[in-house]
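Visitor: Sharing input19.csv (CSV, C-alpha atoms) below.
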```
chain,number,residue,atom,x,y,z
A,1,MET,CA,57.1,18.5,20.0
A,2,ASN,CA,57.1,17.2,23.5
A,3,ILE,CA,55.7,13.9,24.8
A,4,PHE,CA,52.5,15.5,26.0
A,5,GLN,CA,51.7,17.0,22.6
A,6,LEU,CA,52.5,13.7,20.8
A,7,SER,CA,50.2,11.9,23.1
A,8,ILE,CA,47.3,14.3,22.3
A,9,LEU,CA,47.9,13.9,18.6
A,10,ILE,CA,47.8,10.1,18.8
A,11,THR,CA,44.6,10.2,20.9
A,12,LEU,CA,42.9,12.4,18.3
A,13,ALA,CA,44.0,10.2,15.4
A,14,VAL,CA,42.7,7.1,17.1
A,15,ALA,CA,39.3,8.8,17.9
A,16,THR,CA,39.0,10.1,14.3
A,17,SER,CA,39.7,6.6,12.9
A,18,CYS,CA,37.1,5.0,15.2
A,19,ARG,CA,34.5,7.5,14.2
A,20,SER,CA,35.3,7.0,10.5
A,21,LYS,CA,35.0,3.2,10.8
A,22,GLU,CA,31.7,3.6,12.8
A,23,LYS,CA,30.3,5.8,10.1
A,24,ASP,CA,31.3,3.3,7.4
A,25,THR,CA,29.6,0.4,9.2
A,26,ILE,CA,26.2,2.2,9.9
A,27,ILE,CA,23.8,1.6,7.1
A,28,PRO,CA,20.9,4.2,7.0
A,29,LYS,CA,17.5,2.6,7.2
A,30,THR,CA,16.6,4.2,3.8
A,31,GLN,CA,19.4,2.1,2.2
A,32,SER,CA,17.8,-1.2,3.1
A,33,GLU,CA,16.2,-2.9,0.1
A,34,ILE,CA,12.4,-2.8,0.3
A,35,SER,CA,10.0,-5.2,-1.4
A,36,TYR,CA,6.3,-4.4,-1.8
A,37,LEU,CA,3.4,-6.8,-2.5
A,38,ALA,CA,0.1,-5.2,-3.6
A,39,LEU,CA,-3.0,-7.4,-3.4
A,40,GLY,CA,-6.3,-6.5,-5.0
A,41,ASP,CA,-8.4,-6.0,-8.1
A,42,SER,CA,-8.8,-3.4,-10.8
A,43,TYR,CA,-7.9,-0.5,-8.5
A,44,THR,CA,-4.6,-2.2,-7.7
A,45,ILE,CA,-3.7,-3.3,-11.2
A,46,GLY,CA,-4.7,0.1,-12.5
A,47,GLN,CA,-7.4,-0.6,-15.0
A,48,SER,CA,-7.4,2.1,-17.8
A,49,VAL,CA,-4.2,3.8,-16.7
A,50,GLY,CA,-0.5,3.3,-17.7
A,51,PRO,CA,1.6,0.9,-15.5
A,52,GLU,CA,3.5,3.9,-14.1
A,53,GLU,CA,0.2,5.5,-12.9
A,54,ARG,CA,-0.9,2.5,-10.8
A,55,PHE,CA,-1.0,3.5,-7.2
A,56,PRO,CA,1.6,0.8,-6.1
A,57,GLU,CA,4.1,2.1,-8.7
A,58,GLN,CA,3.4,5.7,-7.7
A,59,LEU,CA,3.9,4.8,-4.1
A,60,ALA,CA,7.1,3.0,-4.8
A,61,ASP,CA,8.3,6.0,-6.8
A,62,SER,CA,7.4,8.4,-4.0
A,63,LEU,CA,9.3,6.2,-1.5
A,64,ARG,CA,12.4,6.3,-3.8
A,65,LYS,CA,12.2,10.0,-3.9
A,66,THR,CA,12.3,10.1,-0.1
A,67,GLY,CA,15.5,7.9,0.0
A,68,PHE,CA,14.1,4.4,0.2
A,69,LYS,CA,15.5,1.7,-2.1
A,70,ILE,CA,12.7,-0.3,-3.6
A,71,SER,CA,14.0,-3.6,-4.9
A,72,ASN,CA,10.7,-5.2,-6.0
A,73,VAL,CA,7.1,-4.2,-6.6
A,74,ARG,CA,4.9,-7.2,-7.1
A,75,ILE,CA,1.2,-6.9,-7.9
A,76,VAL,CA,-1.3,-9.8,-7.6
A,77,ALA,CA,-4.5,-8.3,-8.8
A,78,LYS,CA,-6.9,-8.5,-11.7
A,79,THR,CA,-9.9,-6.5,-12.9
A,80,GLY,CA,-13.1,-8.0,-11.7
A,81,TRP,CA,-11.7,-10.1,-8.9
A,82,THR,CA,-13.8,-10.7,-5.8
A,83,THR,CA,-12.3,-11.8,-2.5
A,84,ASP,CA,-12.5,-15.5,-3.3
A,85,GLU,CA,-11.0,-14.9,-6.8
A,86,LEU,CA,-8.1,-12.9,-5.2
A,87,GLN,CA,-7.5,-15.9,-2.9
A,88,ALA,CA,-7.4,-18.2,-5.9
A,89,GLY,CA,-5.0,-15.7,-7.6
A,90,ILE,CA,-2.7,-15.7,-4.6
A,91,ASP,CA,-2.7,-19.5,-4.6
A,92,ALA,CA,-1.9,-19.6,-8.3
A,93,ALA,CA,0.9,-17.1,-7.9
A,94,LYS,CA,2.6,-19.4,-5.4
A,95,ILE,CA,3.7,-16.7,-3.0
A,96,LYS,CA,2.9,-18.6,0.3
A,97,ASP,CA,6.6,-18.9,1.2
A,98,SER,CA,7.6,-15.3,0.1
A,99,THR,CA,8.3,-12.5,2.5
A,100,TYR,CA,7.8,-8.8,1.6
A,101,THR,CA,8.7,-5.6,3.5
A,102,ILE,CA,5.3,-4.1,3.1
A,103,VAL,CA,2.0,-5.5,1.9
A,104,SER,CA,-1.2,-3.7,0.9
A,105,LEU,CA,-4.7,-5.1,0.5
A,106,LEU,CA,-7.6,-3.4,-1.4
A,107,ILE,CA,-10.5,-5.7,-2.3
A,108,GLY,CA,-14.3,-5.9,-2.2
A,109,VAL,CA,-15.8,-3.6,-4.9
A,110,ASN,CA,-16.7,-6.6,-7.1
A,111,ASN,CA,-18.3,-8.4,-4.2
A,112,GLN,CA,-20.5,-5.4,-3.8
A,113,TYR,CA,-21.1,-5.0,-7.6
A,114,ARG,CA,-22.2,-8.7,-7.9
A,115,GLY,CA,-24.6,-8.2,-5.0
A,116,ARG,CA,-22.9,-10.5,-2.5
A,117,PRO,CA,-23.8,-10.0,1.1
A,118,VAL,CA,-21.3,-8.4,3.4
A,119,SER,CA,-21.6,-11.4,5.8
A,120,ASN,CA,-19.8,-13.5,3.1
A,121,TYR,CA,-17.2,-10.8,2.5
A,122,LYS,CA,-16.1,-10.5,6.1
A,123,PRO,CA,-14.5,-14.0,6.6
A,124,GLU,CA,-13.0,-13.9,3.2
A,125,PHE,CA,-11.5,-10.5,3.7
A,126,GLU,CA,-10.1,-11.5,7.1
A,127,ALA,CA,-8.5,-14.6,5.6
A,128,LEU,CA,-6.8,-12.4,2.9
A,129,LEU,CA,-5.6,-10.0,5.6
A,130,GLN,CA,-4.1,-12.9,7.6
A,131,ASP,CA,-2.3,-14.0,4.4
A,132,ALA,CA,-1.0,-10.5,4.0
A,133,ILE,CA,0.4,-10.5,7.5
A,134,THR,CA,2.1,-13.9,6.7
A,135,PHE,CA,3.6,-12.4,3.5
A,136,ALA,CA,5.0,-9.5,5.6
A,137,GLY,CA,6.9,-12.0,7.7
A,138,GLY,CA,4.3,-11.8,10.5
A,139,LYS,CA,4.8,-8.1,11.0
A,140,LYS,CA,1.4,-6.5,11.3
A,141,GLU,CA,2.9,-3.1,11.4
A,142,HIS,CA,4.1,-3.6,7.8
A,143,VAL,CA,0.7,-4.3,6.4
A,144,PHE,CA,-2.0,-1.8,5.3
A,145,VAL,CA,-5.5,-1.9,4.1
A,146,ILE,CA,-7.0,0.6,1.6
A,147,SER,CA,-10.7,1.4,1.6
A,148,ILE,CA,-12.8,0.7,-1.4
A,149,PRO,CA,-13.4,3.7,-3.7
A,150,ASP,CA,-16.9,4.8,-4.3
A,151,TYR,CA,-17.6,4.4,-8.0
A,152,ALA,CA,-21.0,6.1,-7.6
A,153,PHE,CA,-19.0,9.3,-8.2
A,154,THR,CA,-18.2,8.4,-11.8
A,155,PRO,CA,-20.1,8.8,-15.0
A,156,PHE,CA,-20.8,5.0,-14.8
A,157,GLY,CA,-22.1,5.2,-11.3
A,158,GLN,CA,-24.2,8.3,-12.0
A,159,GLY,CA,-24.3,9.4,-8.4
A,160,SER,CA,-26.2,6.3,-7.2
A,161,ALA,CA,-27.1,6.6,-3.5
A,162,THR,CA,-27.5,2.8,-3.4
A,163,ILE,CA,-23.9,2.2,-4.5
A,164,THR,CA,-22.6,4.7,-1.9
A,165,ALA,CA,-24.6,3.1,0.9
A,166,GLU,CA,-23.3,-0.4,0.0
A,167,ILE,CA,-19.7,0.8,-0.4
A,168,ASP,CA,-20.0,2.4,3.1
A,169,GLU,CA,-21.2,-0.9,4.5
A,170,TYR,CA,-18.3,-2.8,2.9
A,171,ASN,CA,-15.8,-0.3,4.1
A,172,ALA,CA,-17.2,-0.4,7.7
A,173,ALA,CA,-16.6,-4.1,7.6
A,174,ASN,CA,-13.0,-4.1,6.3
A,175,LYS,CA,-12.1,-1.2,8.6
A,176,ALA,CA,-13.4,-3.0,11.6
A,177,ILE,CA,-11.5,-6.2,10.7
A,178,ALA,CA,-8.3,-4.2,10.1
A,179,GLU,CA,-8.6,-2.4,13.4
A,180,GLU,CA,-9.3,-5.6,15.3
A,181,LEU,CA,-6.1,-7.1,13.9
A,182,GLY,CA,-4.1,-4.0,14.5
A,183,ILE,CA,-3.6,-3.2,10.8
A,184,ARG,CA,-3.1,0.4,9.5
A,185,TYR,CA,-6.1,1.6,7.5
A,186,PHE,CA,-6.1,4.3,4.8
A,187,ASP,CA,-9.4,5.8,3.9
A,188,ILE,CA,-9.2,7.0,0.3
A,189,THR,CA,-13.0,6.9,-0.3
A,190,PRO,CA,-13.5,10.6,0.3
A,191,ILE,CA,-11.0,11.3,-2.5
A,192,SER,CA,-12.9,9.0,-4.9
A,193,ARG,CA,-16.1,11.0,-4.1
A,194,GLU,CA,-14.6,14.1,-5.8
A,195,GLY,CA,-14.9,12.3,-9.2
A,196,LEU,CA,-18.1,13.9,-10.5
A,197,ALA,CA,-17.0,17.4,-9.4
A,198,ASN,CA,-13.5,16.9,-10.8
A,199,PRO,CA,-13.6,14.7,-14.0
A,200,SER,CA,-9.8,14.6,-14.2
A,201,LEU,CA,-9.9,12.2,-11.3
A,202,VAL,CA,-11.7,9.6,-13.4
A,203,ALA,CA,-10.0,7.5,-16.1
A,204,ASP,CA,-11.2,7.7,-19.7
A,205,ASP,CA,-13.4,4.6,-19.2
A,206,GLY,CA,-15.7,6.6,-17.0
A,207,LEU,CA,-15.4,4.2,-14.1
A,208,HIS,CA,-11.9,3.7,-12.7
A,209,PRO,CA,-9.6,6.3,-11.0
A,210,SER,CA,-7.2,8.2,-13.2
A,211,GLY,CA,-3.5,8.4,-12.5
A,212,GLN,CA,-4.2,11.8,-10.9
A,213,GLN,CA,-6.6,10.3,-8.4
A,214,TYR,CA,-4.1,7.5,-7.6
A,215,GLY,CA,-1.5,10.2,-7.0
A,216,LYS,CA,-3.8,11.8,-4.4
A,217,TRP,CA,-4.2,8.4,-2.7
A,218,VAL,CA,-0.4,8.1,-2.5
A,219,SER,CA,-0.1,11.6,-1.0
A,220,LEU,CA,-2.5,10.6,1.7
A,221,MET,CA,-0.8,7.2,2.3
A,222,LEU,CA,2.9,8.2,2.0
A,223,PRO,CA,3.5,9.6,5.5
A,224,GLY,CA,2.0,6.5,7.1
A,225,VAL,CA,3.9,4.1,4.9
A,226,ILE,CA,7.2,6.0,5.7
A,227,ASP,CA,6.3,5.6,9.4
A,228,MET,CA,6.0,1.9,8.9
A,229,LEU,CA,9.5,1.7,7.4
A,230,GLU,CA,11.4,3.8,9.9
```
For the file at hand, write its structure as structure tokens.

Guide:
Amino acid sequence: MNIFQLSILITLAVATSCRSKEKDTIIPKTQSEISYLALGDSYTIGQSVGPEERFPEQLADSLRKTGFKISNVRIVAKTGWTTDELQAGIDAAKIKDSTYTIVSLLIGVNNQYRGRPVSNYKPEFEALLQDAITFAGGKKEHVFVISIPDYAFTPFGQGSATITAEIDEYNAANKAIAEELGIRYFDITPISREGLANPSLVADDGLHPSGQQYGKWVSLMLPGVIDMLE
């Protein structure tokens, strides 16, 4: 072997070693640990379905299947909560100083059910959304709002046009606030309106979504959530 050949071999060895080290030090985005905070009411806690069928858990599971590492899913939600009750629940949970990779907010159906005016809902919803941004470390792009399902399309709601009109009014309000703040919005309400035509989308209580319906929500949201994380 002459000096020229030896020089080429050394150069190749050094280059291979550098590439190997570079490969070892680059951590794919999907390997970063992700924490998820879900804020809401019965639709977030998954009333009448198993814990694994809740939409936050199904979303986390779907993200894992696409290569993301979910380190923590925290749910602050309770059946029957209105916006002010969710705010109290957040305060009681003492999460003011916590930071999460992604945060979701779905709230308002109980405001509507109790006959509260949308004018009261708007400032309370906006305050909750500002909290959600804080919990995401100030990253608006890591927060998303989910529209309120329409329970008129359940055996309990019996196809009430009044419920539908009021849900539309509430959703117009939360969507406008989300857009004004630059927050991603997922409209799952059309899926909920398949409930009377497809009973499998309604839980056994005749009111809340089934795990199957939550799965359809997740299918709609998943591409957008992945986009947030990449």

Visitor: List as number ranges by chain the protein and nucleic acid residues near Gln112 of chain A, meaning an atom at most 10 Å away when all atoms listed in the file are counted, but skip any in the same chain fewer than 3 places from it.

Guide: A: 82, 108-109, 115-118, 121, 163, 166-167, 169-170

Visitor: For the atom pair atom CA of Gly67 of chain A and atom CA of Ile34 of chain A, what is the interatomic distance in Å to one decimal place?

Guide: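 Result for atom CA of Gly67 of chain A versus atom CA of Ile34 of chain A: 11.1 Å, one decimal.
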
Visitor: Find the spatial neighbours of Ser192 of chain A, counting only C-alpha atoms, within a cut-off of 10 Å - ignore same-chain residues fewer than 6 positions away - and output them as a VMD selection string.

Guide: chain A and resid 148 to 154 198 201 to 202 208 to 209 213 to 214 216 to 217

Visitor: Find, counting all atoms listed in the file, the residue in A:Glu230, A:Glu57, A:Asp204, A:Asp187 that gets nearest to Ile146 of chain A.

Guide: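 Among the listed residues, A:Asp187 lies closest to Ile146 of chain A.
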
Visitor: If I take atom CA of Tyr113 of chain A and atom CA of Ile133 of chain A, how far is one from the other in Å, to one decimal?

Guide: 26.8 Å

Visitor: Have a look at A:Leu222, A:Ala60, A:Val76, A:Ala173 and name the one nearest to Ala132 of chain A; count all atoms listed in the file.

Guide: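 Ranked by minimum distance to Ala132 of chain A, first place goes to A:Val76.
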
Visitor: One decimal, Å: what's the distance from atom CA of Asp97 of chain A over to atom CA of Lys69 of chain A, could you say?

Guide: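 Here the two named atoms are 22.7 Å from each other.
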
Visitor: Residues near Val49 of chain A, anyone? I mean within 8 Å using all atoms listed in the file, not counting same-chain ones fewer than 3 positions away, as a list in words.

Guide: Gly46, Glu53, Arg54, Ala203, Ser210 and Gly211 of chain A

Visitor: For a quick check of understanding, using all atoms listed in the file, which of A:Phe55, A:Tyr43, A:Trp81, A:Phe125 has the smallest distance to Asn110 of chain A?

Guide: A:Trp81
